file model-v9.tsv (TSV, C-alpha atoms and all ligand atoms)
chain	number	residue	atom	x	y	z
M	956	MET	CA	-27.16	6.32	2.13
M	957	ASN	CA	-23.38	6.08	1.99
M	958	GLU	CA	-23.12	8.22	5.11
M	959	GLY	CA	-25.80	6.19	6.88
M	960	PHE	CA	-23.97	2.91	6.23
M	961	ARG	CA	-20.67	4.46	7.26
M	962	ILE	CA	-22.01	5.63	10.62
M	963	GLY	CA	-23.96	2.39	11.13
M	964	LEU	CA	-20.76	0.38	10.69
M	965	TYR	CA	-18.69	2.71	12.89
M	966	LEU	CA	-16.29	3.49	10.04
M	967	PRO	CA	-13.97	6.51	10.18
M	968	PRO	CA	-14.49	9.39	7.70
M	969	GLN	CA	-13.75	8.72	4.04
M	970	ALA	CA	-10.77	11.02	3.69
M	971	SER	CA	-9.04	9.67	0.58
M	972	THR	CA	-10.06	9.28	-3.05
M	973	ILE	CA	-10.31	5.50	-2.76
M	974	ALA	CA	-12.02	5.35	0.64
M	975	ARG	CA	-15.55	5.57	-0.69
M	976	ARG	CA	-15.00	2.85	-3.30
M	977	ILE	CA	-13.53	0.53	-0.68
M	978	ASP	CA	-16.53	1.17	1.54
M	979	VAL	CA	-19.00	0.48	-1.27
M	980	LEU	CA	-17.37	-2.92	-1.77
M	981	HIS	CA	-17.55	-3.44	1.99
M	982	TYR	CA	-21.30	-2.58	2.02
M	983	THR	CA	-21.87	-4.89	-0.93
M	984	VAL	CA	-20.22	-7.81	0.86
M	985	ILE	CA	-22.18	-7.22	4.04
M	986	GLY	CA	-25.40	-6.58	2.12
M	987	ALA	CA	-25.00	-9.77	0.06
M	988	ALA	CA	-24.33	-11.80	3.20
M	989	PHE	CA	-27.46	-10.39	4.89
M	990	LEU	CA	-29.59	-11.02	1.79
M	991	VAL	CA	-28.46	-14.62	1.40
M	992	ALA	CA	-28.89	-15.29	5.12
M	993	PHE	CA	-32.36	-13.75	5.07
M	994	LEU	CA	-33.41	-15.80	2.02
M	995	ALA	CA	-32.05	-19.00	3.55
M	996	PHE	CA	-33.92	-18.51	6.83
M	997	PHE	CA	-37.07	-17.47	4.95
M	998	MET	CA	-36.98	-20.67	2.90
M	999	ILE	CA	-36.33	-22.78	6.00
M	1000	GLY	CA	-39.39	-21.21	7.59
M	1001	ILE	CA	-41.60	-21.92	4.57
M	1002	PHE	CA	-40.41	-25.52	4.25
M	1003	LEU	CA	-40.86	-26.15	7.96
M	1004	ILE	CA	-44.49	-25.10	7.81
M	1005	ARG	CA	-45.51	-26.32	4.37
M	1006	TYR	CA	-43.84	-29.73	4.42
M	1007	ARG	CA	-44.24	-30.50	8.09
M	1008	GLU	CA	-45.31	-34.06	8.94
M	1009	ARG	CA	-49.00	-34.34	9.66
M	1010	PRO	CA	-51.74	-37.01	9.31
M	1011	GLY	CA	-52.90	-37.54	5.75
M	1012	HIS	CA	-49.88	-35.78	4.24
M	1013	GLU	CA	-47.06	-37.97	3.10
M	1014	ALA	CA	-43.61	-36.44	3.13
M	1015	PRO	CA	-42.97	-35.34	-0.47
M	1016	HIS	CA	-39.94	-36.71	-2.23
M	1017	GLY	CA	-39.74	-34.33	-5.15
M	1018	HIS	CA	-36.67	-32.87	-6.70
M	1019	ILE	CA	-35.95	-29.37	-8.04
M	1020	PRO	CA	-35.63	-29.58	-11.83
M	1021	VAL	CA	-32.04	-29.74	-13.04
M	1022	ARG	CA	-32.50	-26.64	-15.17
M	1023	ALA	CA	-33.27	-24.54	-12.10
M	1024	GLU	CA	-30.16	-25.84	-10.38
M	1025	ILE	CA	-27.95	-24.95	-13.33
M	1026	THR	CA	-29.49	-21.46	-13.60
M	1027	LEU	CA	-28.84	-20.92	-9.91
M	1028	ALA	CA	-25.23	-22.11	-10.21
M	1029	VAL	CA	-24.54	-19.89	-13.25
M	1030	PHE	CA	-26.13	-16.91	-11.52
M	1031	THR	CA	-24.02	-17.42	-8.39
M	1032	LEU	CA	-20.90	-17.71	-10.52
M	1033	LEU	CA	-21.75	-14.50	-12.39
M	1034	VAL	CA	-22.32	-12.60	-9.18
M	1035	PHE	CA	-18.98	-13.83	-7.93
M	1036	LEU	CA	-17.25	-12.79	-11.18
M	1037	VAL	CA	-18.74	-9.28	-11.06
M	1038	TRP	CA	-17.68	-8.98	-7.44
M	1039	TRP	CA	-14.17	-10.18	-8.31
M	1040	GLY	CA	-14.04	-7.76	-11.25
M	1041	ILE	CA	-14.90	-4.75	-9.11
M	1042	GLY	CA	-12.45	-5.84	-6.41
M	1043	PHE	CA	-9.73	-6.40	-8.99
M	1044	THR	CA	-10.03	-2.91	-10.52
M	1045	GLN	CA	-9.89	-1.42	-7.03
M	1046	PHE	CA	-6.84	-3.49	-6.13
M	1047	ARG	CA	-5.12	-2.43	-9.36
M	1048	ASP	CA	-5.84	1.24	-8.67
M	1049	ILE	CA	-4.60	0.96	-5.11
M	1050	ARG	CA	-1.37	-0.70	-6.22
M	1051	THR	CA	-0.62	1.70	-9.12
M	1052	THR	CA	0.88	4.97	-7.99
M	1053	PRO	CA	-0.27	7.84	-10.22
M	1054	PRO	CA	2.54	9.78	-11.90
M	1055	GLY	CA	3.65	12.97	-10.20
M	1056	ALA	CA	3.04	11.72	-6.66
M	1057	ILE	CA	4.99	13.33	-3.82
M	1058	ARG	CA	7.41	10.73	-2.48
M	1059	VAL	CA	7.89	10.45	1.25
M	1060	HIS	CA	10.27	7.91	2.75
M	1061	VAL	CA	8.96	6.33	5.93
M	1062	VAL	CA	11.07	4.43	8.42
M	1063	ALA	CA	9.30	2.46	11.10
M	1064	LYS	CA	11.04	1.42	14.29
M	1065	GLN	CA	10.06	0.37	17.78
M	1066	TRP	CA	7.92	2.43	18.36
M	1067	MET	CA	7.72	5.40	16.08
M	1068	TRP	CA	7.31	6.57	12.51
M	1069	GLN	CA	9.97	8.68	10.88
M	1070	PHE	CA	9.17	10.64	7.72
M	1071	VAL	CA	11.72	11.99	5.27
M	1072	TYR	CA	10.47	14.43	2.64
M	1073	PRO	CA	11.98	14.96	-0.84
M	1074	ASN	CA	13.44	18.27	0.30
M	1075	GLY	CA	15.40	16.43	2.98
M	1076	MET	CA	13.18	17.45	5.87
M	1077	ASN	CA	12.54	15.00	8.70
M	1078	SER	CA	9.66	14.57	11.06
M	1079	GLU	CA	8.55	12.07	13.65
M	1080	ASP	CA	5.05	10.66	13.97
M	1081	GLU	CA	3.66	13.49	11.88
M	1082	LEU	CA	3.18	13.38	8.12
M	1083	ARG	CA	2.05	16.56	6.40
M	1084	ILE	CA	0.53	16.27	2.95
M	1085	PRO	CA	-1.39	18.57	0.61
M	1086	VAL	CA	-5.03	17.83	-0.14
M	1087	GLY	CA	-5.78	16.74	-3.71
M	1088	GLN	CA	-2.31	15.59	-4.63
M	1089	PRO	CA	-1.22	11.94	-4.66
M	1090	VAL	CA	1.40	11.01	-2.08
M	1091	GLU	CA	3.50	7.87	-2.28
M	1092	VAL	CA	5.01	6.55	0.93
M	1093	LEU	CA	8.06	4.30	0.60
M	1094	LEU	CA	8.13	2.17	3.70
M	1095	THR	CA	10.93	0.34	5.41
M	1096	SER	CA	11.66	-0.83	8.93
M	1097	ARG	CA	14.73	-0.62	11.11
M	1098	ASP	CA	13.92	-3.57	13.31
M	1099	VAL	CA	10.85	-5.81	13.12
M	1100	ILE	CA	7.76	-6.01	10.91
M	1101	HIS	CA	5.35	-3.12	11.36
M	1102	SER	CA	2.29	-2.15	9.36
M	1103	PHE	CA	1.41	1.36	8.19
M	1104	PHE	CA	-2.32	1.86	8.59
M	1105	VAL	CA	-4.37	5.01	7.98
M	1106	PRO	CA	-7.99	3.97	8.60
M	1107	ALA	CA	-9.49	7.22	7.23
M	1108	PHE	CA	-7.67	6.63	3.94
M	1109	ARG	CA	-8.55	2.89	3.93
M	1110	VAL	CA	-4.95	1.91	3.23
M	1111	LYS	CA	-2.63	-0.49	5.04
M	1112	GLN	CA	0.74	-1.92	4.10
M	1113	ASP	CA	3.25	-4.14	5.90
M	1114	VAL	CA	6.62	-2.52	6.62
M	1115	LEU	CA	9.56	-4.93	6.46
M	1116	PRO	CA	13.15	-4.59	7.59
M	1117	GLY	CA	15.63	-4.52	4.68
M	1118	ARG	CA	12.85	-4.14	2.10
M	1119	VAL	CA	10.91	-1.26	0.63
M	1120	THR	CA	7.16	-1.48	0.20
M	1121	SER	CA	5.01	1.35	-1.00
M	1122	LEU	CA	1.55	2.77	-0.81
M	1123	TRP	CA	-0.19	5.84	-2.23
M	1124	PHE	CA	-3.19	7.95	-1.35
M	1125	THR	CA	-4.76	11.30	-2.15
M	1126	ALA	CA	-6.44	13.14	0.70
M	1127	VAL	CA	-9.77	14.75	-0.17
M	1128	ASN	CA	-10.36	16.87	2.93
M	1129	ALA	CA	-8.06	18.90	5.11
M	1130	GLY	CA	-7.81	17.47	8.60
M	1131	THR	CA	-5.82	15.28	10.95
M	1132	TYR	CA	-6.02	11.51	10.61
M	1133	ASP	CA	-4.60	8.71	12.75
M	1134	ILE	CA	-1.76	6.46	11.68
M	1135	PHE	CA	-1.66	3.14	13.49
M	1136	CYS	CA	0.76	0.27	13.47
M	1137	ALA	CA	-1.29	-2.76	12.49
M	1138	GLU	CA	1.26	-5.50	13.14
M	1139	PHE	CA	2.18	-6.56	16.65
M	1140	CYS	CA	5.76	-5.35	17.03
M	1141	GLY	CA	6.54	-5.49	20.72
M	1142	THR	CA	5.35	-4.09	24.02
M	1143	GLY	CA	5.01	-0.55	22.65
M	1144	HIS	CA	2.93	-1.62	19.64
M	1145	SER	CA	-0.29	0.03	20.83
M	1146	ARG	CA	1.56	3.30	21.40
M	1147	MET	CA	3.07	3.30	17.91
M	1148	ARG	CA	0.77	5.98	16.58
M	1149	GLY	CA	1.22	8.94	14.34
M	1150	ARG	CA	-0.93	11.34	12.41
M	1151	VAL	CA	-1.38	12.56	8.88
M	1152	ILE	CA	-2.06	16.26	8.63
M	1153	ALA	CA	-3.75	16.98	5.31
M	1154	MET	CA	-3.36	20.68	4.51
M	1155	ARG	CA	-4.85	22.98	1.91
M	1156	PRO	CA	-2.40	23.11	-1.03
M	1157	ASP	CA	-1.44	26.76	-0.44
M	1158	ASP	CA	-0.90	26.14	3.29
M	1159	TYR	CA	1.24	23.13	2.44
M	1160	ALA	CA	3.30	25.07	-0.12
M	1161	ARG	CA	3.90	27.84	2.43
M	1162	TRP	CA	4.83	25.35	5.12
M	1163	ILE	CA	7.25	23.34	2.99
M	1164	SER	CA	8.97	26.40	1.53
M	1165	GLY	CA	9.52	27.71	5.05
M	1166	GLN	CA	11.75	24.71	5.91
M	1167	ARG	CA	15.44	25.14	5.30
M	1168	THR	CA	16.88	21.78	4.35
M	1169	THR	CA	19.10	19.98	1.87
M	1170	PRO	CA	17.23	18.10	-0.86
M	1171	LEU	CA	17.26	14.35	-0.34
M	1172	ALA	CA	18.98	13.71	-3.70
M	1173	THR	CA	21.87	15.99	-2.66
M	1174	VAL	CA	22.16	14.15	0.64
M	1175	GLY	CA	22.23	10.91	-1.35
M	1176	GLU	CA	25.00	12.21	-3.59
M	1177	ARG	CA	27.19	13.00	-0.56
M	1178	LEU	CA	26.40	9.64	1.06
M	1179	SER	CA	27.24	7.67	-2.07
M	1180	ALA	CA	30.62	9.39	-2.20
M	1181	SER	CA	31.37	8.80	1.48
M	1182	PHE	CA	30.21	5.16	1.43
M	1183	GLY	CA	32.35	4.48	-1.65
M	1184	CYS	CA	29.46	3.65	-4.00
M	1185	LEU	CA	30.92	5.92	-6.67
M	1186	ARG	CA	34.16	3.95	-6.78
M	1187	CYS	CA	32.31	1.18	-8.63
M	1188	HIS	CA	29.23	2.97	-10.06
M	1189	THR	CA	29.64	5.89	-12.44
M	1190	ILE	CA	27.02	8.56	-12.90
M	1191	ASP	CA	27.80	9.37	-16.54
M	1192	GLY	CA	26.66	6.14	-18.20
M	1193	THR	CA	30.06	4.40	-18.39
M	1194	PRO	CA	29.92	0.88	-17.02
M	1195	HIS	CA	32.57	0.23	-14.38
M	1196	LEU	CA	32.79	-2.53	-11.75
M	1197	GLY	CA	29.06	-2.08	-11.29
M	1198	PRO	CA	26.35	-0.74	-13.60
M	1199	SER	CA	26.28	3.03	-14.11
M	1200	TRP	CA	23.60	4.90	-12.19
M	1201	LEU	CA	22.73	7.15	-15.13
M	1202	GLY	CA	19.26	6.18	-16.32
M	1203	LEU	CA	19.23	3.19	-13.96
M	1204	TYR	CA	16.11	4.09	-12.00
M	1205	GLY	CA	13.00	2.64	-13.60
M	1206	SER	CA	14.95	0.72	-16.26
M	1207	LYS	CA	14.51	-2.98	-16.98
M	1208	ILE	CA	17.55	-4.88	-15.79
M	1209	PRO	CA	18.67	-8.30	-17.03
M	1210	LEU	CA	19.65	-10.53	-14.12
M	1211	SER	CA	22.35	-13.17	-14.06
M	1212	ASN	CA	19.67	-15.88	-13.75
M	1213	GLY	CA	18.11	-14.82	-17.06
M	1214	GLN	CA	15.15	-13.00	-15.54
M	1215	PHE	CA	14.38	-9.29	-15.69
M	1216	VAL	CA	13.55	-6.82	-12.97
M	1217	VAL	CA	12.55	-3.14	-12.96
M	1218	ALA	CA	15.02	-1.00	-10.99
M	1219	ASP	CA	12.49	0.57	-8.62
M	1220	ASP	CA	12.90	1.64	-4.99
M	1221	ALA	CA	12.39	-1.89	-3.75
M	1222	TYR	CA	15.00	-3.40	-6.08
M	1223	LEU	CA	17.62	-0.69	-5.53
M	1224	THR	CA	17.29	-0.96	-1.76
M	1225	GLU	CA	17.40	-4.75	-1.88
M	1226	SER	CA	20.59	-4.52	-3.96
M	1227	MET	CA	22.24	-2.35	-1.32
M	1228	MET	CA	21.31	-4.71	1.49
M	1229	ASP	CA	21.55	-8.05	-0.30
M	1230	PRO	CA	23.48	-7.49	-3.56
M	1231	ALA	CA	23.91	-11.15	-4.50
M	1232	VAL	CA	20.19	-12.01	-4.56
M	1233	LYS	CA	19.39	-10.30	-7.88
M	1234	LEU	CA	22.70	-9.74	-9.62
M	1235	HIS	CA	22.81	-7.57	-12.75
M	1236	ALA	CA	23.86	-9.79	-15.68
M	1237	GLY	CA	27.40	-9.17	-16.89
M	1238	TYR	CA	28.79	-7.82	-13.60
M	1239	PRO	CA	30.87	-9.71	-11.02
M	1240	ALA	CA	29.41	-10.35	-7.56
M	1241	LEU	CA	31.77	-7.89	-5.90
M	1242	MET	CA	29.47	-5.63	-4.03
M	1243	PRO	CA	29.42	-5.93	-0.23
M	1244	SER	CA	26.18	-5.76	1.73
M	1245	TYR	CA	25.35	-2.45	3.36
M	1246	LEU	CA	22.85	-4.02	5.72
M	1247	GLY	CA	23.36	-2.43	9.14
M	1248	GLN	CA	25.60	0.28	7.67
M	1249	LEU	CA	23.08	2.35	5.75
M	1250	SER	CA	20.06	3.48	7.73
M	1251	GLY	CA	16.63	3.61	6.09
M	1252	PRO	CA	16.74	7.37	5.41
M	1253	GLU	CA	20.29	7.03	4.05
M	1254	ALA	CA	19.31	4.25	1.67
M	1255	GLY	CA	16.26	6.33	0.71
M	1256	ALA	CA	18.49	9.35	0.01
M	1257	ILE	CA	20.77	7.29	-2.23
M	1258	VAL	CA	17.74	5.96	-4.12
M	1259	GLU	CA	16.58	9.57	-4.59
M	1260	PHE	CA	20.03	10.44	-5.94
M	1261	ILE	CA	19.95	7.51	-8.39
M	1262	ARG	CA	16.43	8.55	-9.34
M	1263	SER	CA	17.61	12.09	-10.08
M	1264	LEU	CA	20.10	10.72	-12.64
M	1265	ARG	CA	17.74	10.52	-15.58
M	1266	ARG	CA	18.85	10.11	-19.14
M	1267	HIS	CA	16.82	13.11	-20.25
M	1268	PRO	CA	17.73	16.31	-18.47
M	1301	LIG	CU1	4.95	-1.26	14.99
M	1301	LIG	CU2	3.17	-2.55	15.84
call {"tool": "encode", "arguments": {"input": "model-v9.tsv", "output": "structure tokens"}}
result
Amino acid sequence: MNEGFRIGLYLPPQASTIARRIDVLHYTVIGAAFLVAFLAFFMIGIFLIRYRERPGHEAPHGHIPVRAEITLAVFTLLVFLVWWGIGFTQFRDIRTTPPGAIRVHVVAKQWMWQFVYPNGMNSEDELRIPVGQPVEVLLTSRDVIHSFFVPAFRVKQDVLPGRVTSLWFTAVNAGTYDIFCAEFCGTGHSRMRGRVIAMRPDDYARWISGQRTTPLATVGERLSASFGCLRCHTIDGTPHLGPSWLGLYGSKIPLSNGQFVVADDAYLTESMMDPAVKLHAGYPALMPSYLGQLSGPEAGAIVEFIRSLRRHP
């Protein structure tokens, strides 16, 4: 039945772990709309015939009992709540990256997709992933707003300049799937296409080990030295002009405005590009903006370096 609906609605294959659940919600919405429409037209038909005006029959002026109306209202509300509940659990699952996901940094620009793997490898318009393992993509843009869309995985996320957004998916079948840009980004928008190549885990392992590259965290370490980050940030836990990077990633940071923020990819990148927006409490606003100086992959590499500085070895 699932397959029948999918073909009937011209949907692409369900190639990720969440695709089928998304589709079931989609079928439910369409099915409910059809059912309600059918019932409404059916009732109109009955009323048109049964209560039509004709000699000897006065137009009735009855009223549905109040109890029936309340029952109907409560029922509708319950259906809506169930629907919302299912949608909410799906949304939560889509937004929560499972632990142990492979992290791939993605930089969008007019009009291509650039992928940077944890081992430092680069590719353009082609993302290779292993089947059965969650992959998190950390998205940023070099110019305008784009949107990373993989229809077969049923995932889509806006890609913003100077910000990091993320998305995760687990491929269930080996194969090649389209990546589209789903946000109009200029004259080449329709040509801004890429592909995800989902490989069997052993093929993927062989492929990735065959690439000779420098791990992204090592690249980040070199970059943070050459850009002068390490003049203000230590990596051994000692506070200096800026907070130490040791144990920074993933920690809860008190801000100068009294709020708290988790030091994730998005926050760390924002702090490089726009340091004054969310200032760490207790530190002076000394840091210059690196907007326009650090490219997306460079910022990503520095984040990977900060991420590698965990408190527990
Ligand atoms: Cu990038 Cu449309």
call {"tool": "residues_near_point", "arguments": {"input": "model-v9.tsv", "point": "(19.7, -2.9, 1.7)", "cutoff": "10 Å", "atoms": "only C-alpha atoms", "output": "CSV table (one decimal) with C-alpha atoms, in the frame of the given file"}}
result
chain,number,residue,atom,x,y,z
M,1116,PRO,CA,13.2,-4.6,7.6
M,1117,GLY,CA,15.6,-4.5,4.7
M,1118,ARG,CA,12.8,-4.1,2.1
M,1119,VAL,CA,10.9,-1.3,0.6
M,1221,ALA,CA,12.4,-1.9,-3.8
M,1222,TYR,CA,15.0,-3.4,-6.1
M,1223,LEU,CA,17.6,-0.7,-5.5
M,1224,THR,CA,17.3,-1.0,-1.8
M,1225,GLU,CA,17.4,-4.8,-1.9
M,1226,SER,CA,20.6,-4.5,-4.0
M,1227,MET,CA,22.2,-2.4,-1.3
M,1228,MET,CA,21.3,-4.7,1.5
M,1229,ASP,CA,21.6,-8.0,-0.3
M,1230,PRO,CA,23.5,-7.5,-3.6
M,1244,SER,CA,26.2,-5.8,1.7
M,1245,TYR,CA,25.4,-2.4,3.4
M,1246,LEU,CA,22.8,-4.0,5.7
M,1247,GLY,CA,23.4,-2.4,9.1
M,1248,GLN,CA,25.6,0.3,7.7
M,1249,LEU,CA,23.1,2.4,5.8
M,1250,SER,CA,20.1,3.5,7.7
M,1251,GLY,CA,16.6,3.6,6.1
M,1254,ALA,CA,19.3,4.2,1.7
M,1255,GLY,CA,16.3,6.3,0.7
call {"tool": "residues_near_ligand", "arguments": {"input": "model-v9.tsv", "ligand": "ligand LIG 1301 (chain M)", "cutoff": "10 Å", "atoms": "all atoms listed in the file", "output": "list in words"}}
result
Ala1063, Lys1064, Gln1065, Trp1066, Met1067, Trp1068, Ser1096, Asp1098, Val1099, Ile1100, His1101, Ser1102, Phe1103, Asp1113, Val1114, Phe1135, Cys1136, Ala1137, Glu1138, Phe1139, Cys1140, Gly1141, Thr1142, Gly1143, His1144, Ser1145, Arg1146, Met1147 and Arg1148 of chain M
call {"tool": "atom_distance", "arguments": {"input": "model-v9.tsv", "atom1": "CA of Gly1183 (chain M)", "atom2": "CA of Gly1202 (chain M)"}}
result
19.7 Å
call {"tool": "atom_distance", "arguments": {"input": "model-v9.tsv", "atom1": "CA of Arg1083 (chain M)", "atom2": "CA of Ala1153 (chain M)"}}
result
5.9 Å
call {"tool": "atom_distance", "arguments": {"input": "model-v9.tsv", "atom1": "CA of Gly1055 (chain M)", "atom2": "CA of Ser1263 (chain M)"}}
result
14.0 Å
call {"tool": "residues_near_point", "arguments": {"input": "model-v9.tsv", "point": "(-8.0, 14.0, 11.1)", "cutoff": "10 Å", "atoms": "all atoms listed in the file", "output": "list in words"}}
result
Pro967, Pro968, Ala970, Ala1107, Asn1128, Ala1129, Gly1130, Thr1131, Tyr1132, Asp1133, Ile1134, Arg1150, Val1151, Ile1152 and Ala1153 of chain M
call {"tool": "closest_residue", "arguments": {"input": "model-v9.tsv", "among": "M:Val1086, M:Ala1236, M:Val1217, M:Ile1163", "to": "Thr1125 (chain M)", "atoms": "only C-alpha atoms"}}
result
M:Val1086
call {"tool": "build_atoms", "arguments": {"input": "model-v9.tsv", "residues": "region 1193-1213 of chain M", "atoms": "N, CA and C atoms", "output": "CSV table (one decimal), in the coordinates of the input"}}
result
chain,number,residue,atom,x,y,z
M,1193,THR,N,29.0,5.4,-18.1
M,1193,THR,CA,30.1,4.4,-18.4
M,1193,THR,C,30.0,3.2,-17.4
M,1194,PRO,N,29.9,2.0,-17.9
M,1194,PRO,CA,29.9,0.9,-17.0
M,1194,PRO,C,31.3,0.7,-16.4
M,1195,HIS,N,31.3,0.4,-15.1
M,1195,HIS,CA,32.6,0.2,-14.4
M,1195,HIS,C,32.5,-1.1,-13.7
M,1196,LEU,N,32.9,-1.2,-12.4
M,1196,LEU,CA,32.8,-2.5,-11.8
M,1196,LEU,C,31.3,-2.9,-11.5
M,1197,GLY,N,30.5,-1.9,-11.4
M,1197,GLY,CA,29.1,-2.1,-11.3
M,1197,GLY,C,28.4,-1.3,-12.4
M,1198,PRO,N,27.1,-1.5,-12.6
M,1198,PRO,CA,26.4,-0.7,-13.6
M,1198,PRO,C,26.3,0.8,-13.3
M,1199,SER,N,26.3,1.6,-14.3
M,1199,SER,CA,26.3,3.0,-14.1
M,1199,SER,C,24.9,3.4,-13.6
M,1200,TRP,N,24.9,4.5,-12.8
M,1200,TRP,CA,23.6,4.9,-12.2
M,1200,TRP,C,22.8,5.8,-13.1
M,1201,LEU,N,23.5,6.3,-14.2
M,1201,LEU,CA,22.7,7.2,-15.1
M,1201,LEU,C,21.6,6.4,-15.8
M,1202,GLY,N,20.4,6.8,-15.7
M,1202,GLY,CA,19.3,6.2,-16.3
M,1202,GLY,C,18.9,4.8,-15.7
M,1203,LEU,N,19.5,4.5,-14.6
M,1203,LEU,CA,19.2,3.2,-14.0
M,1203,LEU,C,17.8,3.1,-13.4
M,1204,TYR,N,17.4,4.1,-12.7
M,1204,TYR,CA,16.1,4.1,-12.0
M,1204,TYR,C,15.0,3.9,-13.0
M,1205,GLY,N,14.2,2.9,-12.7
M,1205,GLY,CA,13.0,2.6,-13.6
M,1205,GLY,C,13.3,1.8,-14.8
M,1206,SER,N,14.6,1.5,-15.1
M,1206,SER,CA,15.0,0.7,-16.3
M,1206,SER,C,14.8,-0.8,-16.0
M,1207,LYS,N,14.7,-1.5,-17.1
M,1207,LYS,CA,14.5,-3.0,-17.0
M,1207,LYS,C,15.9,-3.6,-17.0
M,1208,ILE,N,16.2,-4.4,-16.0
M,1208,ILE,CA,17.6,-4.9,-15.8
M,1208,ILE,C,17.6,-6.4,-16.0
M,1209,PRO,N,18.5,-6.8,-16.9
M,1209,PRO,CA,18.7,-8.3,-17.0
M,1209,PRO,C,19.5,-8.9,-15.8
M,1210,LEU,N,19.0,-9.9,-15.3
M,1210,LEU,CA,19.6,-10.5,-14.1
M,1210,LEU,C,20.5,-11.7,-14.6
M,1211,SER,N,21.4,-12.1,-13.7
M,1211,SER,CA,22.4,-13.2,-14.1
M,1211,SER,C,21.6,-14.5,-14.2
M,1212,ASN,N,20.4,-14.6,-13.6
M,1212,ASN,CA,19.7,-15.9,-13.8
M,1212,ASN,C,18.7,-15.9,-15.0
M,1213,GLY,N,18.9,-14.9,-15.8
M,1213,GLY,CA,18.1,-14.8,-17.1
M,1213,GLY,C,16.8,-14.1,-16.9
